[in-house]
Structures are given as structure tokens and as C-alpha cells.
Amino acid sequence: MISPGTPDFTARGKKYLEFLNKVLINAEKEYPRIEHLIGMIQGARAIHIFGFGRSGAAALACAIRLRHFCNYLPPVWWVGDQVREPIRKGDVVILFSGSGNRPEVNLVARKAKKVSASLVLITANQYPALGARSDLVLILPAMQDLTGYGGGDFELGAFFLQEVLVTHLGKMLEIPDEEIGKNHV
């Protein structure tokens with residue numbers, strides 16, 4: 001059994017920290033795209049967010065965080081909820097998919113384009129199938145030296161990116177902390 005204090009455990013943790021720094025450097029480089037995403041969010045009739053599996057967990061966290069700003073943004077919906085608005089023209093649909101090719105995510109993308117909603121894809125794939133259909137693609141870097149079993153780097157990067165994005169948006173809109181607390185679930 002490996003105890004938390006072992007060099008192997010610490011070395012793995014340091015690799016994750018290095019990876020998150022790489023995600024931040026990538027986000028700084030891609031900031032014009034992030035500004036475009038912020039403009040899309042602010043100008044939307046409604047925002048719909050979706051992902052599947054672990055990517056979906058990061059997407060759901062983003063939807064929950066944006067719902068905290070409900071008095072400052074258009075309505076935010078999680079596509080997986082049974083009680084929600086349908087996707088309509090003028091909406092922004094934000095999809096999280098490490099591969100950019102997930103069938104469940106592709107289904108939502110087709111629905112979005114069918115009704116003329118704007119489509120944003122957050123992925124780790126340089127050439128995602130959904131990329132050609134998307135109005136905006138944000139590509140997160142992948143870990144070169146995969147530390148986790150079964151991946152996990154995309155989700156970690158997506159959680160980190162959405163947290164930085166939401167915090168930035170909240171500060172940009174000057175949303176007081178007590179307002180966020182009113183909508184915190």
C-alpha cells in the first residue's frame with residue numbers, strides 16, 4: 001500500500017499541478033476565444049450546457065456555477081434535466097467532450113444546429129467531429145505523461161477552466177458575493 005507521503009504520490013500530484021499550469025497558459029493564449037464565449041453567453045436568449053460521463057460532470061459544474069449568476073445572465077439550463085426549456089434560436093449550447101465525438105453530445109449538437117442555436121465545444125481533440133458544426137471550439141491541452149488511470153486529464157482541465165471562466169465572468173460583471181449565495185444550491 002502506498003501512503004500519501006511517498007515520493008510517488010507527491011510526484012503524481014506535482015504532474016497534475018504542472019498540467020493545470022499548462023491549461024492556464026493555454027487559456028491565456030486562447031483568451032480572444034474566451035472573450036468571444038463570454039460575449040456569446042451575455043448575448044444569448046438562454047444557455048444550455050451538456051456533456052456525458054466525466055466530461056458531463058465538469059459541464060454540470062459549469063451549469064451550476066453559471067446558475068449562481070441567474071440575476072445577471074440569461075437563463076442557464078442543464079440539457080440532461082427533465083424540467084428545462086427547449087433549445088431555441090438565439091440560445092447558446094455549450095458542450096463538453098474530451099473526444100469531441102461522443103454520440104450523446106453529437107445528438108445535442110444536431111438539435112442545437114437544427115433550431116439555429118449557437119454551438120460551443122470544449123474538447124481536448126485537435127480535430128473533433130463536432131468542431132465543423134461548432135461556432136466556437138476551445139481546445140484544452142492533454143497531459144503528455146498521463147498520470148491518472150483511464151485518463152482524467154480532460155475533466156481536470158475542464159473543471160479548472162470553467163472555474164476560472166466563471167470567476168472571471170463574475171468579477172467582470174461585478175456580481176457581489178452575497179448575490180451568488182442567494183442562488184447557491
# chains A, B, ... in the order shown; residues from 1 in each chain; ligands from 1

call {"tool": "residues_around", "arguments": {"residues": "Ser116 of chain A", "least_positions_apart": "4", "cutoff": "8 Å", "atoms": "only C-alpha atoms", "output": "count of residues only"}}
result
4

call {"tool": "residues_around", "arguments": {"residues": "Arg110 of chain A", "least_positions_apart": "4", "cutoff": "12 Å", "atoms": "only C-alpha atoms", "output": "PyMOL selection string"}}
result
chain A and resi 87+93+95+103-106+114-119+129-130+132-134

call {"tool": "select_by_dssp", "arguments": {"residues": "segment 98-177 of chain A", "states": "strand (DSSP E or B)", "output": "list in words"}}
result
Ser118, Leu119, Val120, Leu121, Ile122, Thr123, Leu136, Val137, Leu138 and Ile139 of chain A

call {"tool": "closest_residue", "arguments": {"among": "A:Glu163, A:Asp135, A:Glu35, A:Asp153", "to": "Ala59 of chain A", "atoms": "only C-alpha atoms"}}
result
A:Glu163

call {"tool": "closest_residue", "arguments": {"among": "A:His184, A:Arg54, A:Arg102, A:Arg84", "to": "Ala158 of chain A", "atoms": "only C-alpha atoms"}}
result
A:Arg54

call {"tool": "residues_around", "arguments": {"residues": "Glu18 of chain A", "least_positions_apart": "3", "cutoff": "12 Å", "atoms": "only C-alpha atoms", "output": "PDB file with C-alpha atoms, in the first residue's frame"}}
result
ATOM      1  CA  ALA A  11       5.328  13.243  -7.864  1.00  0.00           C
ATOM      2  CA  ARG A  12       1.948  12.381  -9.397  1.00  0.00           C
ATOM      3  CA  GLY A  13       0.366  15.357  -7.660  1.00  0.00           C
ATOM      4  CA  LYS A  14       3.088  17.654  -8.985  1.00  0.00           C
ATOM      5  CA  LYS A  15       2.438  16.405 -12.519  1.00  0.00           C
ATOM      6  CA  ASN A  21      -0.499  25.428 -15.279  1.00  0.00           C
ATOM      7  CA  LYS A  22      -0.408  24.260 -18.901  1.00  0.00           C
ATOM      8  CA  VAL A  23      -4.216  24.640 -19.076  1.00  0.00           C
ATOM      9  CA  LEU A  24      -3.911  28.188 -17.721  1.00  0.00           C
ATOM     10  CA  ILE A  25      -1.167  29.107 -20.201  1.00  0.00           C
ATOM     11  CA  PRO A 141      -4.290  20.630 -23.780  1.00  0.00           C
ATOM     12  CA  ALA A 142      -3.818  16.973 -22.943  1.00  0.00           C
ATOM     13  CA  MET A 143      -1.294  15.587 -20.490  1.00  0.00           C
ATOM     14  CA  GLN A 144       1.754  14.286 -22.311  1.00  0.00           C
ATOM     15  CA  ASP A 145       2.604  11.903 -19.485  1.00  0.00           C
ATOM     16  CA  LEU A 146      -0.785  10.553 -18.423  1.00  0.00           C
ATOM     17  CA  THR A 147      -0.724  10.266 -14.649  1.00  0.00           C
ATOM     18  CA  ASP A 153      -6.819  14.978 -17.727  1.00  0.00           C
ATOM     19  CA  GLY A 157      -8.642  20.729 -17.203  1.00  0.00           C
TER      20      GLY A 157
END

call {"tool": "residues_around", "arguments": {"residues": "Ile38 of chain A", "least_positions_apart": "2", "cutoff": "12 Å", "atoms": "only C-alpha atoms", "output": "list of chain:residue names"}}
result
A:Tyr31, A:Pro32, A:Arg33, A:Ile34, A:Glu35, A:His36, A:Met40, A:Ile41, A:Gln42, A:Gly43, A:Ala44, A:Ile47, A:Leu66, A:Leu73, A:Pro74, A:Val92, A:Ile94, A:Val120, A:Leu136, A:Gln162, A:Leu165, A:Val166, A:Thr167, A:His168, A:Leu169, A:Gly170, A:Met172, A:Leu173

call {"tool": "residues_around", "arguments": {"residues": "segment 179-181 of chain A", "least_positions_apart": "6", "cutoff": "10 Å", "atoms": "only C-alpha atoms", "output": "list in words"}}
result
Arg65, Leu66, Arg67, His68, Phe69, Cys70, Asn71, Tyr72 and Gly170 of chain A

call {"tool": "decode", "arguments": {"residues": "segment 13-39 of chain A", "atoms": "C-alpha atoms", "output": "PDB file, in the first residue's frame"}}
result
ATOM      1  CA  GLY A  13       0.366  15.357  -7.660  1.00  0.00           C
ATOM      2  CA  LYS A  14       3.088  17.654  -8.985  1.00  0.00           C
ATOM      3  CA  LYS A  15       2.438  16.405 -12.519  1.00  0.00           C
ATOM      4  CA  TYR A  16      -1.207  17.411 -12.138  1.00  0.00           C
ATOM      5  CA  LEU A  17      -0.176  20.869 -10.924  1.00  0.00           C
ATOM      6  CA  GLU A  18       2.116  21.220 -13.943  1.00  0.00           C
ATOM      7  CA  PHE A  19      -0.787  20.181 -16.164  1.00  0.00           C
ATOM      8  CA  LEU A  20      -3.138  22.780 -14.644  1.00  0.00           C
ATOM      9  CA  ASN A  21      -0.499  25.428 -15.279  1.00  0.00           C
ATOM     10  CA  LYS A  22      -0.408  24.260 -18.901  1.00  0.00           C
ATOM     11  CA  VAL A  23      -4.216  24.640 -19.076  1.00  0.00           C
ATOM     12  CA  LEU A  24      -3.911  28.188 -17.721  1.00  0.00           C
ATOM     13  CA  ILE A  25      -1.167  29.107 -20.201  1.00  0.00           C
ATOM     14  CA  ASN A  26      -3.328  27.699 -22.996  1.00  0.00           C
ATOM     15  CA  ALA A  27      -6.332  29.734 -21.762  1.00  0.00           C
ATOM     16  CA  GLU A  28      -4.216  32.905 -21.749  1.00  0.00           C
ATOM     17  CA  LYS A  29      -3.170  32.192 -25.329  1.00  0.00           C
ATOM     18  CA  GLU A  30      -6.788  31.482 -26.306  1.00  0.00           C
ATOM     19  CA  TYR A  31      -8.204  34.471 -24.398  1.00  0.00           C
ATOM     20  CA  PRO A  32      -9.744  36.070 -27.529  1.00  0.00           C
ATOM     21  CA  ARG A  33     -11.851  32.906 -27.896  1.00  0.00           C
ATOM     22  CA  ILE A  34     -12.775  33.059 -24.213  1.00  0.00           C
ATOM     23  CA  GLU A  35     -13.826  36.699 -24.661  1.00  0.00           C
ATOM     24  CA  HIS A  36     -15.947  35.566 -27.610  1.00  0.00           C
ATOM     25  CA  LEU A  37     -17.540  32.883 -25.417  1.00  0.00           C
ATOM     26  CA  ILE A  38     -18.309  35.470 -22.727  1.00  0.00           C
ATOM     27  CA  GLY A  39     -19.955  37.686 -25.355  1.00  0.00           C
TER      28      GLY A  39
END
